[in-house]
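Novice: Below is a structure I'd like to ask you about.
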Amino acid sequence: MNIYPRSLFPTLKAALADKRIVVITGMRRVGKTTTLRWLLEQVPSANKIYLDLERLDQRAVFQESNYEIVLDFLRNRGLDPAAPLIVALDEIQYAPNSPSVVKYLYDHYGVKFLLSGSSSYYLKNLFSESMAGRKVVFELLPLRFGEFLEFRGAPYRPRARLEEMRFDPYEFERLKTLYDEYLIYGGLPDVVLEARPAARRDILNDIFSSYINIDVRSLADFQKINELQQLLRLLALRIGNKLDMTKLASAAGLSRPTLVQYLEFLEKTYIIARLPAYAGGEKSVTLGRKLYFCDNGIAGILAQISEGALFENAIFNQLRPYGELAYLSKGSEYEIDFVLRAAGQPPVALEVKYHPLKTDQRRLKRLAEKHAIRETWLIGRYPAPDFKDFLWGGLIF
């Protein structure tokens, strides 16, 4: 099996030296099983095992009320609990009793666990108290554009600072077709590795169907699945917009409490993300949150989304690894798409424009200065003939 490098791999490998339980979570088909297997391969000892709780025989063991039976199960496979032992459990959501078993073996025998699960909704609810102080959680998100290029065999130079992401006409010509694909089909590994466009859409539809039929039905007590699907279509048409909860509830035919419940579930299962307002000296923090999807491909099969909205959605996800994000707004007067705050660094104002212009740059600087933000950048999709002083989306790796 080919394993392509992910940006999270070095951090995960370093966590092997940590006594705590490693938990890998993320949306369906984002690569958790591959990552878990890769991480187990990094363990030099042979005193280790991979177990898939989607398999009924292995799941049954972790549903036993006598946890010593689990220990015998491991011994019978040649493992020694008296020595450092690492157990990788995949798809733990299929065994609701697994947190108790893991806690018992961790506390009494010092077993190091590597766990994966398909949803933070499940993991945070079941692991929050029983695993307090015993776990470290890593979120595996869809591929960043640099990872996308790795998967497609295209070389690139990583860029750590924003100024290194300035528009480069030669890189634009080299990477623009690949970036087009990334904007349309997103960053789920199976989709990225599929060469046929029609098959990519089939895979995306299959992933979404599995999410509805497995994750939603098993993790939530929603009586009307069609309501949730209708809400998702409405949300896809609101990418990059502040959510007006009253109007959205009316359009979806939902009560406000039900809408709040649905949105929380969709966020915790990595379908959507909500962006807070920037609280830099103004009361804008009281404004509603802006909506984005965690993957362009999933958003694109739900509704006909404009190219501008897909571009802004991709930029949101591309910027997330670089620091905390917020948007800046002063009522209906003006809005700045993103304020990025990297650790220990002053905030940066970022505005997304499909065709950035010099006038956009001057306006952004003027608005940012009102909030004492000195560094500003336009992020563009295509260059104008007389303006190229912007960050190109295809260089945000």
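Labeling convention for the structure tokens: chains A, B, ... as they appear, residues from 1 per chain, ligands from 1 in order of appearance.
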What are the DSSP helix (DSSP H, G or I) residues of segment 195-365 of chain A, as a PyMOL selection string?

Specialist: chain A and resi 197-219+225-236+245-252+256-268+284-286+296-302+307-322+358-365

Novice: Excluding same-chain residues fewer than 4 positions from segment 143-148 of chain A, what lies within 8 Å of it counting only C-alpha atoms, as a CSV table (one decimal) with N, CA and C atoms, in the first residue's frame?

Specialist:
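Generated file (result.csv):
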chain,number,residue,atom,x,y,z
A,5,PRO,N,2.9,11.1,2.2
A,5,PRO,CA,3.1,11.9,3.4
A,5,PRO,C,2.0,13.0,3.7
A,6,ARG,N,1.7,13.1,4.9
A,6,ARG,CA,0.7,14.1,5.4
A,6,ARG,C,1.5,15.1,6.3
A,7,SER,N,1.1,16.3,6.3
A,7,SER,CA,1.8,17.3,7.1
A,7,SER,C,1.7,17.0,8.6
A,152,ARG,N,-0.3,14.0,-6.1
A,152,ARG,CA,-0.3,14.0,-7.6
A,152,ARG,C,1.1,14.0,-8.2
A,156,TYR,N,7.0,20.9,-5.4
A,156,TYR,CA,6.8,22.3,-5.0
A,156,TYR,C,7.7,22.7,-3.8
A,158,PRO,N,7.8,24.5,-0.2
A,158,PRO,CA,7.0,25.0,0.9
A,158,PRO,C,7.3,26.4,1.2
A,179,TYR,N,-4.5,23.4,-9.4
A,179,TYR,CA,-5.3,24.2,-8.5
A,179,TYR,C,-6.7,24.3,-8.8
A,182,TYR,N,-8.2,21.2,-7.5
A,182,TYR,CA,-8.4,21.3,-6.0
A,182,TYR,C,-9.6,22.1,-5.6
A,186,GLY,N,-11.9,19.3,-4.2
A,186,GLY,CA,-11.5,19.3,-2.8
A,186,GLY,C,-10.3,18.4,-2.6
A,187,GLY,N,-10.1,18.0,-1.3
A,187,GLY,CA,-8.9,17.4,-0.8
A,187,GLY,C,-9.1,16.0,-0.1
A,188,LEU,N,-10.1,15.3,-0.4
A,188,LEU,CA,-10.3,14.0,0.2
A,188,LEU,C,-9.4,13.0,-0.6
A,189,PRO,N,-8.5,12.2,0.0
A,189,PRO,CA,-7.5,11.4,-0.7
A,189,PRO,C,-8.0,10.5,-1.8
A,192,VAL,N,-8.7,12.7,-4.8
A,192,VAL,CA,-7.5,13.3,-5.4
A,192,VAL,C,-6.7,12.3,-6.2
A,317,ASN,N,-9.8,27.1,4.1
A,317,ASN,CA,-9.2,25.9,4.6
A,317,ASN,C,-7.7,25.9,4.4
A,318,GLN,N,-7.2,26.6,3.4
A,318,GLN,CA,-5.8,26.6,3.2
A,318,GLN,C,-5.1,27.5,4.3
A,394,GLY,N,-2.8,29.4,-5.2
A,394,GLY,CA,-2.1,28.2,-5.5
A,394,GLY,C,-0.7,28.1,-4.9
A,396,ILE,N,-0.4,28.9,-1.6
A,396,ILE,CA,-0.7,28.7,-0.1
A,396,ILE,C,-0.8,27.2,0.1
A,397,PHE,N,0.3,26.6,0.5
A,397,PHE,CA,0.5,25.2,0.6
A,397,PHE,C,0.1,24.7,1.9

Novice: I'd like the neighbourhood of segment 351-368 of chain A as a list in words, where a residue qualifies if any of its atoms comes within 6 Å (using only C-alpha atoms), though same-chain residues fewer than 5 positions away should be ignored.

Specialist: Ile336, Asp337, Ile373, Leu378, Ile379, Gly380, Arg381 and Tyr382 of chain A

Novice: Export N, CA and C atoms of the chosen residues as a tab-separated table (two decimals), in the first residue's frame?

Specialist:
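Dumped to selection.tsv:
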chain	number	residue	atom	x	y	z
A	336	ILE	N	-13.88	42.65	6.19
A	336	ILE	CA	-12.62	42.08	5.71
A	336	ILE	C	-12.74	40.57	5.88
A	337	ASP	N	-12.44	39.83	4.81
A	337	ASP	CA	-12.71	38.39	4.80
A	337	ASP	C	-12.06	37.65	5.96
A	373	ILE	N	-4.37	47.30	12.27
A	373	ILE	CA	-3.75	46.15	11.61
A	373	ILE	C	-2.85	46.68	10.50
A	378	LEU	N	-3.95	41.03	-0.35
A	378	LEU	CA	-5.01	40.48	-1.17
A	378	LEU	C	-4.63	39.06	-1.55
A	379	ILE	N	-5.62	38.18	-1.61
A	379	ILE	CA	-5.40	36.82	-2.10
A	379	ILE	C	-6.22	36.67	-3.36
A	380	GLY	N	-5.56	36.40	-4.48
A	380	GLY	CA	-6.24	36.38	-5.76
A	380	GLY	C	-6.23	35.03	-6.44
A	381	ARG	N	-7.18	34.90	-7.37
A	381	ARG	CA	-7.27	33.69	-8.20
A	381	ARG	C	-6.58	33.90	-9.53
A	382	TYR	N	-6.88	35.03	-10.19
A	382	TYR	CA	-6.28	35.35	-11.49
A	382	TYR	C	-5.70	36.76	-11.46

Novice: Using only C-alpha atoms, which of the listed residues (A:Glu68, A:Ile92, A:Ser209, A:Ala132) sits closest to Tyr109 of chain A?

Specialist: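 Checking each of A:Glu68, A:Ile92, A:Ser209, A:Ala132 against Tyr109 of chain A, counting only C-alpha atoms, the winner is A:Glu68.
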
Novice: So, with only C-alpha atoms as the atoms that count, which of A:Glu307, A:Asp221, A:Glu150, A:Asp107 lies closest to Arg134 of chain A?

Specialist: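 Comparing A:Glu307, A:Asp221, A:Glu150, A:Asp107 against Arg134 of chain A, the winner is A:Asp107.
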
Novice: So how far away is atom CA of Leu232 of chain A from atom CA of Leu36 of chain A, in Å?

Specialist: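 Distance reported for this atom pair: 29.9 Å.
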
Novice: Would you mind telling me which residue in A:Ala251, A:Ile298, A:Val61, A:Leu105 lies nearest to Asn205 of chain A when using only C-alpha atoms?

Specialist: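 Closest candidate: A:Ile298.
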